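Before any comments, here is the structure.
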Amino acid sequence: MAKNEGEAVLRAENLKIHYKTKKSYVKAVDGIDLTLRKGETIGIVGESGCGKSTFGQGILKLLPQKTKYYGKLLVRDVDVTPLRENDMRKVRGKVVGMIFQDPMTSLNPITKVEKLFYETLEEHNPGISFNESREVTAQILQKVGIEPRRMREYPFQFSGGMRQRVMIALALVLNPDIIVADEPTTSLDVIVQAQILNLLDELRQSYNASIILITHDLGVVAEMADRIAVMYAGHIVEQNEKEKIYYEPKHPYTKLLLKSIPNTNPKDLELTFIPGSPPSLVNPPIGCRFASRCPYKMSICDEKEPPVVEIDGGMVKCWLYTQGSDNQ
Amino acid sequence: MSLVRLQDIRKYFPVKRSIGEVLLRTSQSFVKAVDGISFEIKAGETFGLVGESGSGKTTTGRIVLRLIEPTEGTIEFDGKDITKLGSDEMRKLRKDMQIIFQDPMAALNPYMKIGDAIKHGLDIHNIGNTQSERKKLICEMLERVNLQADLYDRYPHELSGGQRQRIVIARALILRPKFVVADEALAMLDVSVRSQLLQLLIELKKEMNLTFLFITHDLATTKYMCNRIGVMYLGKFVEIGTYQHIYESPMHPYTKALISAIPEPDPKIMESKKRLIPEGEVPNPINPPSGCRFHPRCPYVMDVCKNVEPPLVKSPDDRLIACHLYTEKSAVQQQDS
């Protein structure tokens with residue numbers, strides 16, 4: 001397991017991603033700090049609208065054109081926030097590979113699988129012949145458990161699980177250092193999900209890639225991640241090693257989120273939930289964004305945004321933990 | 001007393017043939033979505049249906065309400081055979097049998113105010129004498145599902161997913177049905193909202209003495225709702241039992257695989273959990289495997305499994321199971337005869 005050592009392959013420094021709607025900017029990611037190290041898997045968890053997918057797509061700058069980026073996002077020491085589309089194309093696929101949630105909408109349905117791979121390979125290796133590309137494709141398909149002869153088929157001829165395997169192969173074919181997987185198993189059934197997660201885990205080890213795993217499913221990251229960052233309303237409210245997050249959560253939101261998952265223990269029939277709903281990200285509250293739903297709310301929480309406090313090997317963004325720390 | 005009883009239900013959907021195939025008189029093939037299932041739901045009980053996509057659970061839910069006509073078999077509701085009931089009579093009966101769909105955005109007409117959407121059922125079934133009385137009933141119901149009554153004049157797009165699903169629940173329950181099919185009713189919601197709505201359904205079930213068919217792929221939620229759970233695979237039941245049966249001591253190899261594949265929010269459990277993930281995928285329901293449908297993927301497969309379909313029989317601990325591992329004797333007898 002990767003600890004706080006090893007080369008940082010991706011680093012977000014006070015990263016903000018604001019995207020434009022008709023009238024206003026939505027502050028979907030609003031100042032996050034995160035470091036991904038070589039060979040490490042970070043799970044980004046949170047509920048819909050917390051900004052986790054915006055962050056994932058922001059790494060590859062796949063968001064609409066008018067999206068504004070502030071702060072820094074270093075991908076292998078290159079800040080991508082000022083990069084233009086042409087330069088980003090060199091990063092996509094080659095340095096950072098992406099696995100999307102829905103393989104049906106993200107694979108062009110009228111392009112044969114072999115052509116999909118050829119397009120990707122050709123973009124980064126101009127002059128590669130179709131036959132060479134097919135050889136590479138055959139190898140990678142074999143690795144993800146698809147018979148190479150199926151490369152002549154169209155995406156719709158594959159089942160959901162098989163399509164997701166194609167997607168993973170496509171993300172890996174250029175051997176990127178970083179893989180961003182945005183809800184990679186959400187549309188799959190549990191057994192297929194388990195198969196895909198096993199595959200991802202094997203590939204991670206053989207490629208020594210670093211993974212940003214974005215999911216709402218705290219069960220999926222419990223298996224896959226080394227570290228976990230919990231997002232709420234555009235902020236990372238807590239990040240730490242997996243075990244610390246599950247067994248010693250610090251932030252009230254993390255605590256309540258963990259409690260509200262229905263577990264499978266037959267004796268535990270209590271249901272917990274978080275009352276209220278997350279704030280609007282067009283005009284987020286000035287204080288702590290979780291304050292209105294927090295059972296431990298203090299007066300300062302409404303007035304000032306909490307600082308990020310280093311604690312127990314991780315980080316938490318909460319006023320409860322500021323006493324006695326140097327961050328005040 | 002059983003409120004709902006299904007007997008030998010089959011549903012075969014014809015596969016579309018191309019013009020060439022029609023001209024060549026290629027025989028019509030069918031997707032065997034549901035292939036011979038029988039079960040009953042007692043009054044006041046919640047019966048859970050779990051299984052992967054394509055197992056036939058949604059088709060089953062719709063057949064119970066006759067939103068889809070079964071190819072074969074009989075449906076009884078409240079002691080009456082409703083399989084052949086005409087549409088007028090069915091319409092009257094629908095007051096007693098309602099459905100909550102998965103996607104609340106698709107289930108609500110975007111051009112219809114929320115109050116009107118809920119009122120529709122009251123109008124059809126003539127509940128409440130005057131319009132103002134109906135409005136009063138709707139406002140009460142909105143408050144019961146923990147929404148503000150002033151949402152009456154709003155449109156669905158103004159609401160969050162959780163609120164919309166509360167509206168769908170309100171619309172189904174305002175008719176005071178006896179029986180409700182909840183088809184993945186909580187699947188599209190975030191965890192914190194999901195638990196809120198699960199709690200709401202549990203409360204309403206008690207208050208209104210409802211009987212539920214609870215269709216889900218999320219086994220953890222069945223624990224809170226369901227008295228019995230049926231596990232489906234390729235249009236058939238493989239095992240029916242209580243949550244303890246299914247979760248703590250699954251007997252059917254498929255149920256075992258399903259349980260072992262559930263990701264649990266606990267790293268220690270995940271590390272120690274024995275994974276029994278079968279290889280491959282669910283076979284094509286047009287030509288399901290002979291014998292036991294799970295046999296090509298089953299780690300315990302025997303010769304008999306390939307040819308003889310295992311019957312659904314009662315096990316000593318009072319669950320129903322369809323597997324030759326537990327019914328070897330009867331299977332052998334069948335083969336001999």
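If you're wondering about the labels, chains in the structure tokens are A, B, ... by order shown, residues count from 1 in each chain, ligands from 1 in order shown.
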Residues of segment 185-277 of chain B classed as helix (DSSP H, G or I) by DSSP on the backbone are to be reported as a PyMOL selection string.
chain B and resi 191-208+219-225+243-248+253-261+267-272
Let's have the selection written as a CSV table (one decimal), in the first residue's frame, with N, CA and C atoms.
```csv
chain,number,residue,atom,x,y,z
B,191,VAL,N,-27.3,7.7,-1.1
B,191,VAL,CA,-27.4,6.9,0.1
B,191,VAL,C,-28.2,7.6,1.2
B,192,SER,N,-27.9,8.9,1.5
B,192,SER,CA,-28.6,9.5,2.6
B,192,SER,C,-30.1,9.7,2.3
B,193,VAL,N,-30.5,10.0,1.1
B,193,VAL,CA,-31.9,10.1,0.7
B,193,VAL,C,-32.5,8.7,0.6
B,194,ARG,N,-31.8,7.7,0.2
B,194,ARG,CA,-32.3,6.4,0.1
B,194,ARG,C,-32.8,5.9,1.4
B,195,SER,N,-32.0,6.1,2.4
B,195,SER,CA,-32.4,5.7,3.8
B,195,SER,C,-33.6,6.4,4.3
B,196,GLN,N,-33.7,7.7,3.9
B,196,GLN,CA,-34.9,8.5,4.3
B,196,GLN,C,-36.2,7.9,3.7
B,197,LEU,N,-36.1,7.5,2.4
B,197,LEU,CA,-37.3,7.0,1.8
B,197,LEU,C,-37.6,5.6,2.2
B,198,LEU,N,-36.6,4.8,2.5
B,198,LEU,CA,-36.8,3.5,3.0
B,198,LEU,C,-37.6,3.6,4.3
B,199,GLN,N,-37.1,4.5,5.1
B,199,GLN,CA,-37.8,4.7,6.4
B,199,GLN,C,-39.3,5.0,6.2
B,200,LEU,N,-39.5,5.9,5.2
B,200,LEU,CA,-40.8,6.4,4.9
B,200,LEU,C,-41.7,5.2,4.5
B,201,LEU,N,-41.2,4.4,3.6
B,201,LEU,CA,-41.9,3.2,3.1
B,201,LEU,C,-42.3,2.3,4.2
B,202,ILE,N,-41.3,2.1,5.1
B,202,ILE,CA,-41.6,1.2,6.2
B,202,ILE,C,-42.7,1.7,7.1
B,203,GLU,N,-42.7,3.0,7.4
B,203,GLU,CA,-43.7,3.6,8.2
B,203,GLU,C,-45.1,3.5,7.5
B,204,LEU,N,-45.1,3.8,6.2
B,204,LEU,CA,-46.4,3.8,5.5
B,204,LEU,C,-46.9,2.4,5.4
B,205,LYS,N,-46.0,1.5,5.2
B,205,LYS,CA,-46.5,0.1,5.2
B,205,LYS,C,-47.2,-0.3,6.4
B,206,LYS,N,-46.7,0.1,7.6
B,206,LYS,CA,-47.3,-0.2,8.9
B,206,LYS,C,-48.7,0.5,9.0
B,207,GLU,N,-48.6,1.8,8.7
B,207,GLU,CA,-49.8,2.7,8.9
B,207,GLU,C,-51.0,2.2,8.0
B,208,MET,N,-50.7,1.9,6.8
B,208,MET,CA,-51.7,1.6,5.8
B,208,MET,C,-51.9,0.1,5.6
B,219,LEU,N,-29.4,-5.9,-2.2
B,219,LEU,CA,-29.8,-6.9,-1.2
B,219,LEU,C,-29.9,-6.2,0.2
B,220,ALA,N,-29.0,-5.3,0.5
B,220,ALA,CA,-29.0,-4.7,1.8
B,220,ALA,C,-30.4,-4.0,2.2
B,221,THR,N,-31.1,-3.4,1.2
B,221,THR,CA,-32.3,-2.8,1.5
B,221,THR,C,-33.4,-3.8,1.8
B,222,THR,N,-33.3,-5.0,1.3
B,222,THR,CA,-34.4,-6.0,1.5
B,222,THR,C,-34.5,-6.4,3.0
B,223,LYS,N,-33.4,-6.2,3.7
B,223,LYS,CA,-33.3,-6.6,5.1
B,223,LYS,C,-34.4,-5.8,5.9
B,224,TYR,N,-34.5,-4.5,5.6
B,224,TYR,CA,-35.4,-3.6,6.3
B,224,TYR,C,-36.8,-3.8,6.0
B,225,MET,N,-37.1,-4.2,4.7
B,225,MET,CA,-38.5,-4.3,4.2
B,225,MET,C,-39.1,-5.6,4.2
B,243,TYR,N,-34.6,-13.2,4.9
B,243,TYR,CA,-33.3,-12.5,4.7
B,243,TYR,C,-32.2,-13.3,5.4
B,244,GLN,N,-32.5,-13.9,6.5
B,244,GLN,CA,-31.4,-14.7,7.2
B,244,GLN,C,-31.0,-15.9,6.3
B,245,HIS,N,-32.0,-16.6,5.7
B,245,HIS,CA,-31.7,-17.7,4.8
B,245,HIS,C,-30.8,-17.2,3.7
B,246,ILE,N,-31.3,-16.2,3.0
B,246,ILE,CA,-30.6,-15.7,1.8
B,246,ILE,C,-29.2,-15.2,2.1
B,247,TYR,N,-29.2,-14.3,3.1
B,247,TYR,CA,-28.0,-13.6,3.4
B,247,TYR,C,-27.0,-14.4,4.2
B,248,GLU,N,-27.5,-15.0,5.3
B,248,GLU,CA,-26.5,-15.6,6.3
B,248,GLU,C,-26.1,-17.0,5.8
B,253,PRO,N,-25.9,-22.2,-5.3
B,253,PRO,CA,-24.6,-21.6,-5.7
B,253,PRO,C,-24.7,-20.2,-6.3
B,254,TYR,N,-25.8,-20.0,-7.0
B,254,TYR,CA,-26.0,-18.6,-7.5
B,254,TYR,C,-26.2,-17.6,-6.4
B,255,THR,N,-27.1,-17.9,-5.4
B,255,THR,CA,-27.3,-17.0,-4.3
B,255,THR,C,-26.0,-16.7,-3.6
B,256,LYS,N,-25.2,-17.8,-3.4
B,256,LYS,CA,-23.9,-17.6,-2.8
B,256,LYS,C,-23.0,-16.7,-3.5
B,257,ALA,N,-23.0,-16.8,-4.9
B,257,ALA,CA,-22.2,-15.9,-5.7
B,257,ALA,C,-22.7,-14.5,-5.5
B,258,LEU,N,-24.0,-14.3,-5.6
B,258,LEU,CA,-24.6,-13.0,-5.5
B,258,LEU,C,-24.2,-12.3,-4.2
B,259,ILE,N,-24.3,-13.1,-3.1
B,259,ILE,CA,-24.0,-12.5,-1.8
B,259,ILE,C,-22.6,-12.1,-1.7
B,260,SER,N,-21.7,-13.0,-2.2
B,260,SER,CA,-20.3,-12.8,-2.1
B,260,SER,C,-19.8,-11.6,-2.9
B,261,ALA,N,-20.6,-11.2,-3.9
B,261,ALA,CA,-20.2,-10.1,-4.8
B,261,ALA,C,-20.6,-8.8,-4.2
B,267,PRO,N,-13.6,-2.2,5.1
B,267,PRO,CA,-12.4,-2.8,4.5
B,267,PRO,C,-12.1,-4.1,5.1
B,268,LYS,N,-12.3,-4.3,6.4
B,268,LYS,CA,-11.9,-5.6,7.0
B,268,LYS,C,-12.8,-6.7,6.5
B,269,ILE,N,-14.1,-6.4,6.4
B,269,ILE,CA,-15.0,-7.5,5.8
B,269,ILE,C,-14.6,-7.8,4.4
B,270,MET,N,-14.3,-6.7,3.6
B,270,MET,CA,-13.9,-6.9,2.2
B,270,MET,C,-12.6,-7.8,2.1
B,271,GLU,N,-11.7,-7.6,3.0
B,271,GLU,CA,-10.5,-8.4,2.9
B,271,GLU,C,-10.7,-9.8,3.2
B,272,SER,N,-11.6,-10.1,4.2
B,272,SER,CA,-11.7,-11.4,4.7
B,272,SER,C,-12.8,-12.2,3.9
```
If you take only C-alpha atoms and a cut-off of 7 Å, which residues of chain A touch chain B, and what are their nearest atom pairs and distances in Å to one decimal, in chain and number order, as a tab-separated table?
```
residue	atom	partner	partner_atom	distance
A:Glu47	CA	B:Asp190	CA	5.9
A:Ser48	CA	B:Asp190	CA	6.8
A:Asp189	CA	B:Glu52	CA	5.7
A:Val190	CA	B:Ala261	CA	5.8
A:Ile191	CA	B:Ala261	CA	5.4
A:Ala194	CA	B:Ala261	CA	5.7
A:Leu218	CA	B:Pro265	CA	5.1
A:Gly219	CA	B:Pro265	CA	3.9
A:Val220	CA	B:Pro263	CA	5.6
A:Ala222	CA	B:Pro267	CA	4.7
A:Glu223	CA	B:Met270	CA	5.8
A:Glu243	CA	B:Pro267	CA	6.7
A:Tyr246	CA	B:Asp266	CA	6.6
A:Leu257	CA	B:Ser192	CA	6.7
A:Ser260	CA	B:Ser192	CA	5.7
A:Ile261	CA	B:Val191	CA	6.0
A:Pro262	CA	B:Ala220	CA	5.8
A:Asn263	CA	B:Ala220	CA	5.8
A:Thr264	CA	B:Ala220	CA	5.0
A:Pro266	CA	B:Lys223	CA	6.7
A:Leu269	CA	B:Tyr224	CA	6.2
A:Leu271	CA	B:Ser195	CA	6.4
A:Thr272	CA	B:Ser195	CA	6.7
A:Phe273	CA	B:Ser192	CA	5.1
A:Ile274	CA	B:Ser192	CA	5.7
```
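The shortest atom-to-atom distance to Arg134 of chain A, with only C-alpha atoms taken into account, belongs to A:Pro148 out of A:Pro176, A:Pro148, A:Gly97, A:Pro249.
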From a DSSP calculation on the backbone, collect every residue of segment 117-304 of chain A in strand (DSSP E or B) and output the set as a ChimeraX atom specification.
/A:178-182,210-215,227-232,235-241
Take the residues from that selection and put them in a file with N, CA and C atoms, as a JSON list (two decimals), in the first residue's frame.
```
[["chain", "number", "residue", "atom", "x", "y", "z"],
["A", 178, "ILE", "N", -1.79, 7.60, -15.05],
["A", 178, "ILE", "CA", -2.93, 7.87, -14.18],
["A", 178, "ILE", "C", -4.20, 7.41, -14.89],
["A", 179, "ILE", "N", -5.07, 6.77, -14.12],
["A", 179, "ILE", "CA", -6.37, 6.41, -14.68],
["A", 179, "ILE", "C", -7.44, 7.07, -13.83],
["A", 180, "VAL", "N", -8.33, 7.78, -14.49],
["A", 180, "VAL", "CA", -9.47, 8.35, -13.79],
["A", 180, "VAL", "C", -10.67, 7.46, -14.11],
["A", 181, "ALA", "N", -11.21, 6.83, -13.09],
["A", 181, "ALA", "CA", -12.36, 5.95, -13.31],
["A", 181, "ALA", "C", -13.57, 6.58, -12.63],
["A", 182, "ASP", "N", -14.51, 7.06, -13.45],
["A", 182, "ASP", "CA", -15.67, 7.77, -12.92],
["A", 182, "ASP", "C", -16.85, 6.81, -12.85],
["A", 210, "SER", "N", -1.59, 4.68, -11.28],
["A", 210, "SER", "CA", -2.27, 5.32, -10.15],
["A", 210, "SER", "C", -3.71, 5.57, -10.57],
["A", 211, "ILE", "N", -4.62, 5.37, -9.63],
["A", 211, "ILE", "CA", -6.03, 5.46, -10.01],
["A", 211, "ILE", "C", -6.76, 6.49, -9.14],
["A", 212, "ILE", "N", -7.56, 7.31, -9.81],
["A", 212, "ILE", "CA", -8.55, 8.15, -9.11],
["A", 212, "ILE", "C", -9.87, 7.44, -9.34],
["A", 213, "LEU", "N", -10.43, 6.89, -8.29],
["A", 213, "LEU", "CA", -11.67, 6.11, -8.41],
["A", 213, "LEU", "C", -12.81, 6.93, -7.84],
["A", 214, "ILE", "N", -13.67, 7.40, -8.72],
["A", 214, "ILE", "CA", -14.77, 8.26, -8.29],
["A", 214, "ILE", "C", -16.02, 7.41, -8.16],
["A", 215, "THR", "N", -16.65, 7.42, -7.00],
["A", 215, "THR", "CA", -17.83, 6.58, -6.83],
["A", 215, "THR", "C", -18.69, 7.10, -5.70],
["A", 227, "ARG", "N", -6.39, 5.24, -0.23],
["A", 227, "ARG", "CA", -6.82, 6.41, 0.52],
["A", 227, "ARG", "C", -8.18, 6.84, 0.00],
["A", 228, "ILE", "N", -8.88, 7.60, 0.84],
["A", 228, "ILE", "CA", -10.22, 8.05, 0.46],
["A", 228, "ILE", "C", -10.33, 9.54, 0.73],
["A", 229, "ALA", "N", -10.91, 10.25, -0.24],
["A", 229, "ALA", "CA", -11.24, 11.66, -0.03],
["A", 229, "ALA", "C", -12.75, 11.78, -0.10],
["A", 230, "VAL", "N", -13.35, 12.36, 0.94],
["A", 230, "VAL", "CA", -14.80, 12.52, 0.98],
["A", 230, "VAL", "C", -15.14, 13.93, 0.54],
["A", 231, "MET", "N", -15.96, 14.04, -0.48],
["A", 231, "MET", "CA", -16.34, 15.37, -0.97],
["A", 231, "MET", "C", -17.75, 15.73, -0.55],
["A", 232, "TYR", "N", -17.93, 17.01, -0.24],
["A", 232, "TYR", "CA", -19.26, 17.52, 0.06],
["A", 232, "TYR", "C", -19.35, 18.94, -0.47],
["A", 235, "HIS", "N", -16.16, 20.74, -1.76],
["A", 235, "HIS", "CA", -14.96, 20.66, -0.91],
["A", 235, "HIS", "C", -14.60, 19.22, -0.61],
["A", 236, "ILE", "N", -13.29, 19.00, -0.37],
["A", 236, "ILE", "CA", -12.92, 17.72, 0.25],
["A", 236, "ILE", "C", -13.02, 17.96, 1.74],
["A", 237, "VAL", "N", -13.95, 17.29, 2.40],
["A", 237, "VAL", "CA", -14.12, 17.56, 3.82],
["A", 237, "VAL", "C", -13.21, 16.70, 4.68],
["A", 238, "GLU", "N", -12.78, 15.57, 4.12],
["A", 238, "GLU", "CA", -11.90, 14.71, 4.89],
["A", 238, "GLU", "C", -11.14, 13.81, 3.94],
["A", 239, "GLN", "N", -9.84, 13.62, 4.20],
["A", 239, "GLN", "CA", -9.15, 12.57, 3.46],
["A", 239, "GLN", "C", -8.13, 11.89, 4.36],
["A", 240, "ASN", "N", -8.02, 10.60, 4.15],
["A", 240, "ASN", "CA", -7.11, 9.82, 4.97],
["A", 240, "ASN", "C", -6.99, 8.42, 4.38],
["A", 241, "GLU", "N", -6.19, 7.59, 5.06],
["A", 241, "GLU", "CA", -6.12, 6.21, 4.63],
["A", 241, "GLU", "C", -7.49, 5.55, 4.82]]
```
With only C-alpha atoms as the counted atoms, please give the residues lying no more than 10 Å from Leu312 of chain B, apart from itself and same-chain residues fewer than 4 positions off, as a VMD selection string.
chain B and resid 37 to 38 236 to 240 319 to 324 327
Lys250 of chain A: which residues within 12 Å, counting only C-alpha atoms, same-chain residues fewer than 4 positions away excluded, as a ChimeraX atom specification?
/A:230,237-240,244-246,254-258,296,309-321
